[in-house]
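Okay, so here's the structure we're looking at.
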Amino acid sequence: MPKPIIHQLALKNLGVFRDCATSLRKYNLIYGFNGSGKTTLSRIFSSLETGTLQADLPEGGTFDVELSDGVTLRSVGDYSALKGRLLVLNVDFVEKNFMWKEGKARPVFYLGREQVEFAEHLKKISGQKNEHETTHALAKTNKNNKSKVFTTYKRDTARNISEQLILGRKYEAPNLVSDYFTYEYDEAHCLSEDQTQLEREKMMRKEPLAEIKPLTSVAINSLNLINKVESILGTTIGEIIIEDLRDHDSMLNWIREGVIYHKDQDLLSCLFCGNNLTKDRLENLQNLINGKFNKFIGEIATLKAEAKKLQGTFETIGDGIPSLNDLSRSLHGEFEVAAKILKASLSAQSGITQVILELLSKKESTPNSLIDSNIHDEDIRIAIRDEDIIRRITDLNNIITRHNVEYINFENTKKAAATKLKNHYLSINHTTYLSYKQEEESAETELDKIFAELESLTKEELRLRNEVRKHGPAATRTSKMIHNYLGREELEVTALEEGYQLCRNGKPIKGPLSEGEKTAIALCYFLSALEAEGRKLKDLIVVVDDPISSLDTKALNYSFSILKSALGGVAQLLILTHNLHFMNETKKWLKRYINKKDDSKSEAALLFLDAVKNRNEKHISSIITKLPPYIREYESEYQYLFHLILQFTQAQGMTEYFYLMPNAMRKVLEIFLTFKLPGTMGLSDKVAKIAELNGLEKGSFLALDRLVQLESHADNLDDLITFSSITIEETKDAADVLLQMMKASDSEHYRLLEEICRVEPPMSSSQSQPVSVNPPTGIPTA
């Protein structure tokens, strides 16, 4: 099964890398100008190589490396998973492995006569260490799985609590851990389903329920009324003075009303029968009305009014009982009980009152009759109900008062409800939380124990390796690679008692090595050690940072051939360079691994370190992006510079590379005139000559001449990082004249260049992106 390789790389606040991310393939070319972050990038890979953060990396930065198997290595965690598989050739490797002043390379490895016992012991210790590494990996996986499960549980539980309490991101896993650390949650904090719903409604309520007016307290004495009614029901008006009316008791009221009417109307005859009303008859009837009878009827009417008033009181109390929906839900239970009892008592008392009214009406219609009511049989219950009404009014008013307190303290009530709910959810999850926590702690304890044993074995293995690695048998192989690299056999590496000896033509070198020779030895030394210590080439991830320093073109081609041959079979290759020629050679090699129809199937990535400077910032920032199409497709710097100039002449406003235009135009002019007018003439003379040959007008000639004069000394760092003194208008004029001159001098050459450099719609200054401080080609100064 193939070993995992680096799939994704994310960098933050590491030097020029503010916030950068990129994907990698099996073969990767990363091209960038000096200062764009190649060294920083190589040191990140060196950190992965050693499993420890390189001291020269900028402080405060972080990196995440995602492998093809889904594992992510983080700079803030354990990132030693690639240790032993990832090898880096960069300036730090050269400094650590070579002592140029003594002319010796630091040893690779060597099994001397005295180290046999160490080697045997090393083999034994390495075997034990390998077993512990497997055990450690399993324990680490177990611990990570437990941690992952626990982390997921904490996150999901916190999220659920947050959703229930509508807290958003104010309550997350750290808050959950803090709560469980601070308090003990048990069954006392648990709520029933109804209580949970109740507290949730309190918490969710946006506005408080309206304040409720308390019931009016009243004094009720139903027995007093009953006693008076019983008395009048058992009373008659005595002997009726008119004999012929005794047997017509129910007509007394009718007769009373008739007498009053006949008298008021001064009638002398009866309207009913037509007979005359004698004086004696009228006096008898009048005496009946004005005596006991009239008083008796008045007493009945008074009792009826009193009974209706009492009945009205009961109705008023009943109507004043608030609706259950108007009260806080937490008070519904006890309010419903008290209100039910009160309503029952009111209904019963109102019924008794209605009976009283009916009895009084009957008595009123037959005032001289004795009426048996049996109301006194209910005296005890009636008295109890009167007391119950008064008591229940008090109870309901107490409940209403508590409701009104909630109304006044609405926000505090909501907060208290939220706290109860949170405590409830924490309580019901507490046991599970402790279980997951215990499992994670047990796994971590086991991992720490295995790690301590592994660390002890690692230290012992390191000690033994230091004893064994005095020298290495790689001298012959390294020498052979150097011969192929340099294309000559004069330089070789020989092993001495305590290291390597560098020889030229068989003799120890006394003078210093050239930079090219140092580069050759460093690269070959690195390549010779790839498969040392049992490493397999197909499992390695190799990073090479600018392996062609100070090499001429021939040596550069040799170095590329060696790299291509030696590293083509590795699991993953990353080549970082700023050299245009080396980039082109590598690019041509890797293009065969690019699927133009489906990039997801490509095995190679052509990347570019683009250093940009935002207009409102002081410092540059690099990103890793795809190699610009013009670099990827063009075979020369000349073609790309011509493209920039052509784009510049067609732009409506400033292009993002405007300030590099003078330097770029001079470079194109130099190259064009070198082939068009070979010879020893200076550039100014060549410009004058070509202008004369092509009939350029004097003004145009002056535009090119000023370009040559102002840009003739652009050969130091200041000219790369400061603006040219040539103006925008002069630059535009010079660009137009340059293209006009090239077209007039060699129309076919110009046509072919124009066809290759198909210009896309230019970007105006108002649309331009952050200004790149190094053009994609790494344009050198003229």
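So you can find residues: chains in the structure tokens are A, B, ... in the order shown, residues in each start at 1, and ligands are numbered from 1 in order.
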Any idea what's packed within 10 Å of Lys732 in chain A, counting only C-alpha atoms, ignoring anything in its chain fewer than 3 positions away? Could you give it as a PDB file with C-alpha atoms, in the first residue's frame?
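Final output, part28.pdb:
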```
ATOM      1  CA  ILE A 645       4.474  45.388 -23.217  1.00  0.00           C
ATOM      2  CA  PHE A 648       0.472  47.691 -21.543  1.00  0.00           C
ATOM      3  CA  THR A 649      -0.010  49.480 -24.887  1.00  0.00           C
ATOM      4  CA  GLN A 650      -3.590  48.262 -25.111  1.00  0.00           C
ATOM      5  CA  ALA A 651      -4.544  49.047 -21.489  1.00  0.00           C
ATOM      6  CA  PHE A 658       3.301  49.356 -14.781  1.00  0.00           C
ATOM      7  CA  MET A 661       7.550  48.478 -17.853  1.00  0.00           C
ATOM      8  CA  PRO A 662      10.698  50.605 -18.412  1.00  0.00           C
ATOM      9  CA  ALA A 703      11.241  58.405 -26.525  1.00  0.00           C
ATOM     10  CA  THR A 727       6.692  59.285 -16.553  1.00  0.00           C
ATOM     11  CA  ILE A 728       3.531  57.422 -17.490  1.00  0.00           C
ATOM     12  CA  GLU A 729       3.190  59.359 -20.744  1.00  0.00           C
ATOM     13  CA  ALA A 735       6.196  51.278 -25.616  1.00  0.00           C
ATOM     14  CA  ASP A 736       4.313  52.351 -28.756  1.00  0.00           C
ATOM     15  CA  VAL A 737       7.532  53.296 -30.526  1.00  0.00           C
ATOM     16  CA  LEU A 738       9.246  50.052 -29.484  1.00  0.00           C
TER      17      LEU A 738
END
```
Residue contacts of Leu53 in chain A (10 Å, only C-alpha atoms) excluding same-chain residues fewer than 3 positions away, as a list of chain:residue names: A:Arg43, A:Ile44, A:Phe45, A:Ser46, A:Ser47, A:Leu48, A:Glu49, A:Thr50, A:Asp56, A:Leu57, A:Ser75, A:Val76, A:Tyr79
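Minimum distance to Ile631 in chain A across A:Lys618, A:Val71, A:Lys588, A:Val542 (counting only C-alpha atoms) occurs at A:Lys588.
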Near range 599-606 of chain A, 12 Å: range 484-587 of chain A residue rows, closest pairs, only C-alpha atoms, as a tab-separated table:
```
residue	atom	partner	partner_atom	distance
A:Gly568	CA	A:Ala604	CA	11.9
A:Ala571	CA	A:Glu603	CA	11.1
A:Gln572	CA	A:Glu603	CA	9.7
A:Leu573	CA	A:Ala604	CA	9.3
A:Leu574	CA	A:Ala605	CA	9.4
A:Ile575	CA	A:Leu606	CA	10.0
A:Leu576	CA	A:Leu606	CA	10.6
A:Thr577	CA	A:Leu606	CA	11.8
A:Met583	CA	A:Leu606	CA	9.7
A:Asn584	CA	A:Leu606	CA	10.7
A:Thr586	CA	A:Leu606	CA	9.4
A:Lys587	CA	A:Leu606	CA	7.2
```
Residue among A:Tyr185, A:Ala137, A:His430, A:Asp610 lying closest to Ser622 in chain A, counting only C-alpha atoms: A:Asp610
For range 317-322 of chain A, please output as a compact mmCIF listing (two decimals) with N, CA, C and O atoms, in the first residue's frame all residues within 12 Å (counting only C-alpha atoms; exclusion window: fewer than 6 positions along the same chain).
```
# COMPACT_ATOMS: atom_id res chain seq x y z
N ALA A 210 -50.01 40.42 30.73
CA ALA A 210 -50.51 41.67 31.32
C ALA A 210 -50.72 41.52 32.83
O ALA A 210 -50.98 40.43 33.34
N GLU A 211 -50.59 42.64 33.52
CA GLU A 211 -50.84 42.66 34.96
C GLU A 211 -52.34 42.43 35.20
O GLU A 211 -53.19 42.94 34.46
N ILE A 212 -52.70 41.65 36.23
CA ILE A 212 -54.10 41.28 36.49
C ILE A 212 -54.61 41.98 37.75
O ILE A 212 -53.92 42.03 38.77
N LYS A 213 -55.82 42.51 37.64
CA LYS A 213 -56.43 43.20 38.79
C LYS A 213 -56.95 42.16 39.78
O LYS A 213 -57.65 41.22 39.40
N PRO A 214 -56.62 42.28 41.06
CA PRO A 214 -57.08 41.30 42.06
C PRO A 214 -58.60 41.33 42.21
O PRO A 214 -59.28 42.32 41.88
N LEU A 215 -59.17 40.22 42.71
CA LEU A 215 -60.61 40.16 42.99
C LEU A 215 -60.95 41.03 44.20
O LEU A 215 -60.16 41.15 45.14
N THR A 216 -62.15 41.63 44.16
CA THR A 216 -62.58 42.49 45.27
C THR A 216 -63.03 41.62 46.45
O THR A 216 -63.85 40.70 46.28
N SER A 217 -62.47 41.90 47.59
CA SER A 217 -62.88 41.16 48.80
C SER A 217 -64.25 41.66 49.27
O SER A 217 -64.51 42.87 49.29
N VAL A 218 -65.17 40.74 49.61
CA VAL A 218 -66.52 41.11 50.03
C VAL A 218 -66.89 40.36 51.32
O VAL A 218 -66.30 39.32 51.62
N ALA A 219 -67.88 40.93 52.04
CA ALA A 219 -68.44 40.26 53.23
C ALA A 219 -69.74 39.58 52.81
O ALA A 219 -70.65 40.23 52.29
N ILE A 220 -69.86 38.28 53.03
CA ILE A 220 -71.03 37.52 52.60
C ILE A 220 -71.64 36.82 53.81
O ILE A 220 -70.94 36.17 54.59
N LEU A 310 -77.41 39.92 46.53
CA LEU A 310 -76.47 38.86 46.88
C LEU A 310 -76.13 38.02 45.66
O LEU A 310 -74.97 37.65 45.41
N GLN A 311 -77.17 37.74 44.87
CA GLN A 311 -76.93 36.97 43.64
C GLN A 311 -76.02 37.74 42.68
O GLN A 311 -75.14 37.19 42.04
N SER A 328 -49.41 33.43 34.26
CA SER A 328 -48.16 32.71 34.02
C SER A 328 -48.43 31.22 34.12
O SER A 328 -49.12 30.75 35.03
N HIS A 332 -50.65 27.91 36.75
CA HIS A 332 -51.91 27.33 36.26
C HIS A 332 -52.48 26.27 37.18
O HIS A 332 -53.69 26.24 37.44
N PHE A 335 -53.87 27.69 40.53
CA PHE A 335 -54.93 28.64 40.21
C PHE A 335 -56.18 27.90 39.74
O PHE A 335 -57.32 28.22 40.13
N GLU A 336 -55.99 26.88 38.92
CA GLU A 336 -57.12 26.12 38.39
C GLU A 336 -57.90 25.45 39.51
O GLU A 336 -59.14 25.43 39.51
N ALA A 338 -58.03 26.37 42.80
CA ALA A 338 -58.72 27.38 43.62
C ALA A 338 -59.90 27.98 42.87
O ALA A 338 -61.00 28.19 43.45
N ALA A 339 -59.71 28.26 41.58
CA ALA A 339 -60.79 28.87 40.79
C ALA A 339 -61.95 27.91 40.64
O ALA A 339 -63.14 28.32 40.67
N LYS A 340 -61.67 26.63 40.47
CA LYS A 340 -62.73 25.63 40.32
C LYS A 340 -63.59 25.55 41.58
O LYS A 340 -64.84 25.53 41.51
N ILE A 341 -62.93 25.54 42.73
CA ILE A 341 -63.66 25.48 44.01
C ILE A 341 -64.50 26.74 44.20
O ILE A 341 -65.67 26.70 44.60
N LEU A 342 -63.89 27.90 43.89
CA LEU A 342 -64.61 29.17 44.05
C LEU A 342 -65.83 29.22 43.15
O LEU A 342 -66.93 29.60 43.57
N LYS A 343 -65.64 28.80 41.89
CA LYS A 343 -66.76 28.84 40.95
C LYS A 343 -67.88 27.89 41.39
O LYS A 343 -69.07 28.20 41.25
N ALA A 344 -67.50 26.74 41.93
CA ALA A 344 -68.51 25.78 42.40
C ALA A 344 -69.30 26.37 43.57
O ALA A 344 -70.54 26.25 43.63
N SER A 345 -68.58 27.00 44.50
CA SER A 345 -69.25 27.61 45.65
C SER A 345 -70.15 28.75 45.21
O SER A 345 -71.29 28.90 45.70
N LEU A 346 -69.66 29.57 44.29
CA LEU A 346 -70.46 30.68 43.78
C LEU A 346 -71.72 30.17 43.08
O LEU A 346 -72.82 30.71 43.24
N SER A 347 -71.54 29.10 42.30
CA SER A 347 -72.69 28.54 41.58
C SER A 347 -73.73 27.99 42.57
O SER A 347 -74.93 28.21 42.40
N ALA A 348 -73.23 27.30 43.60
CA ALA A 348 -74.16 26.73 44.59
C ALA A 348 -74.89 27.83 45.34
O ALA A 348 -76.13 27.77 45.53
N GLN A 349 -74.16 28.85 45.78
CA GLN A 349 -74.79 29.94 46.52
C GLN A 349 -75.74 30.73 45.64
O GLN A 349 -76.79 31.19 46.09
N SER A 350 -75.34 30.88 44.37
CA SER A 350 -76.24 31.59 43.45
C SER A 350 -77.52 30.80 43.25
O SER A 350 -78.61 31.35 43.12
N ILE A 389 -65.87 30.84 49.87
CA ILE A 389 -65.79 31.91 48.86
C ILE A 389 -64.79 32.97 49.30
O ILE A 389 -63.93 33.41 48.54
N ILE A 390 -64.92 33.40 50.55
CA ILE A 390 -64.02 34.43 51.07
C ILE A 390 -62.57 33.94 51.05
O ILE A 390 -61.64 34.65 50.66
N ARG A 392 -61.25 31.47 49.18
CA ARG A 392 -60.73 31.25 47.82
C ARG A 392 -60.44 32.56 47.11
O ARG A 392 -59.52 32.63 46.27
N ILE A 393 -61.19 33.59 47.42
CA ILE A 393 -60.86 34.92 46.86
C ILE A 393 -59.47 35.34 47.32
O ILE A 393 -58.66 35.85 46.55
N THR A 394 -59.20 35.10 48.62
CA THR A 394 -57.88 35.42 49.16
C THR A 394 -56.79 34.60 48.46
O THR A 394 -55.73 35.13 48.08
N ASP A 395 -57.06 33.29 48.26
CA ASP A 395 -56.07 32.41 47.60
C ASP A 395 -55.79 32.88 46.18
O ASP A 395 -54.64 32.95 45.73
N LEU A 396 -56.87 33.18 45.44
CA LEU A 396 -56.69 33.62 44.05
C LEU A 396 -55.94 34.94 43.98
O LEU A 396 -55.11 35.16 43.10
N ASN A 397 -56.23 35.81 44.91
CA ASN A 397 -55.52 37.10 44.93
C ASN A 397 -54.03 36.91 45.22
O ASN A 397 -53.18 37.65 44.70
N ILE A 399 -52.31 34.28 44.31
CA ILE A 399 -51.76 33.77 43.05
C ILE A 399 -51.62 34.91 42.05
O ILE A 399 -50.60 35.02 41.34
N ILE A 400 -52.62 35.77 41.98
CA ILE A 400 -52.56 36.92 41.07
C ILE A 400 -51.39 37.83 41.44
O ILE A 400 -50.69 38.38 40.59
N HIS A 403 -48.30 36.33 40.10
CA HIS A 403 -48.27 36.59 38.66
C HIS A 403 -47.79 38.01 38.39
O HIS A 403 -46.95 38.24 37.50
```
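Neighbours of range 671-676 of chain A closer than or equal to 9 Å, with only C-alpha atoms counted and sequence neighbours fewer than 6 positions away skipped, come out as Tyr638, Leu683, Lys686, Val687, Ile690, Met742, Ser745 and Asp746 of chain A.
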DSSP-assigned alpha helix (DSSP H) members of range 137-262 of chain A, reported as a ChimeraX atom specification: /A:137-165,173-182,193-204,222-233,252-262
Within 6 Å of range 478-482 of chain A using only C-alpha atoms, minus same-chain residues under 5 positions, as JSON, numbers by chain: {"A": [492, 493, 524, 525, 528]}
Residues within 8 Å of Lys414 in chain A, only C-alpha atoms, excluding chain neighbours under 5 positions, as a count of residues only: 4
What lies within 7 Å of Leu9 in chain A using only C-alpha atoms, ignoring chain neighbours under 5 positions off, as a PDB file with N, CA, C and O atoms, in the first residue's frame?
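Full text of out.pdb as output:
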```pdb
ATOM      1  N   ALA A  21      -2.640  28.907   1.219  1.00  0.00           N
ATOM      2  CA  ALA A  21      -2.985  27.479   1.170  1.00  0.00           C
ATOM      3  C   ALA A  21      -2.839  26.986  -0.257  1.00  0.00           C
ATOM      4  O   ALA A  21      -3.068  27.740  -1.217  1.00  0.00           O
ATOM      5  N   THR A  22      -2.433  25.731  -0.412  1.00  0.00           N
ATOM      6  CA  THR A  22      -2.289  25.168  -1.752  1.00  0.00           C
ATOM      7  C   THR A  22      -2.406  23.659  -1.688  1.00  0.00           C
ATOM      8  O   THR A  22      -2.244  23.042  -0.627  1.00  0.00           O
ATOM      9  N   SER A  23      -2.708  23.061  -2.837  1.00  0.00           N
ATOM     10  CA  SER A  23      -2.749  21.614  -2.972  1.00  0.00           C
ATOM     11  C   SER A  23      -1.489  21.148  -3.684  1.00  0.00           C
ATOM     12  O   SER A  23      -0.951  21.859  -4.539  1.00  0.00           O
ATOM     13  N   ASP A  64      -0.466  23.923   8.756  1.00  0.00           N
ATOM     14  CA  ASP A  64      -1.227  22.678   8.772  1.00  0.00           C
ATOM     15  C   ASP A  64      -0.888  21.914   7.503  1.00  0.00           C
ATOM     16  O   ASP A  64      -0.901  22.482   6.405  1.00  0.00           O
ATOM     17  N   VAL A  65      -0.582  20.633   7.662  1.00  0.00           N
ATOM     18  CA  VAL A  65      -0.234  19.788   6.522  1.00  0.00           C
ATOM     19  C   VAL A  65      -1.182  18.605   6.514  1.00  0.00           C
ATOM     20  O   VAL A  65      -1.176  17.787   7.433  1.00  0.00           O
ATOM     21  N   GLU A  66      -2.007  18.533   5.464  1.00  0.00           N
ATOM     22  CA  GLU A  66      -2.938  17.418   5.339  1.00  0.00           C
ATOM     23  C   GLU A  66      -2.337  16.368   4.417  1.00  0.00           C
ATOM     24  O   GLU A  66      -1.921  16.674   3.299  1.00  0.00           O
TER      25      GLU A  66
END
```
Atom-to-atom span, CA of Pro58 in chain A and CA of Ala10 in chain A, Å: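 Spanning CA of Pro58 in chain A to CA of Ala10 in chain A is a straight-line distance of 15.2 Å.
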Nearest residue to Ile232 in chain A from the set A:Glu517, A:Glu387, A:Asp372, A:Glu163 (distances using only C-alpha atoms):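 So, comparing all the options, the nearest one is A:Asp372.
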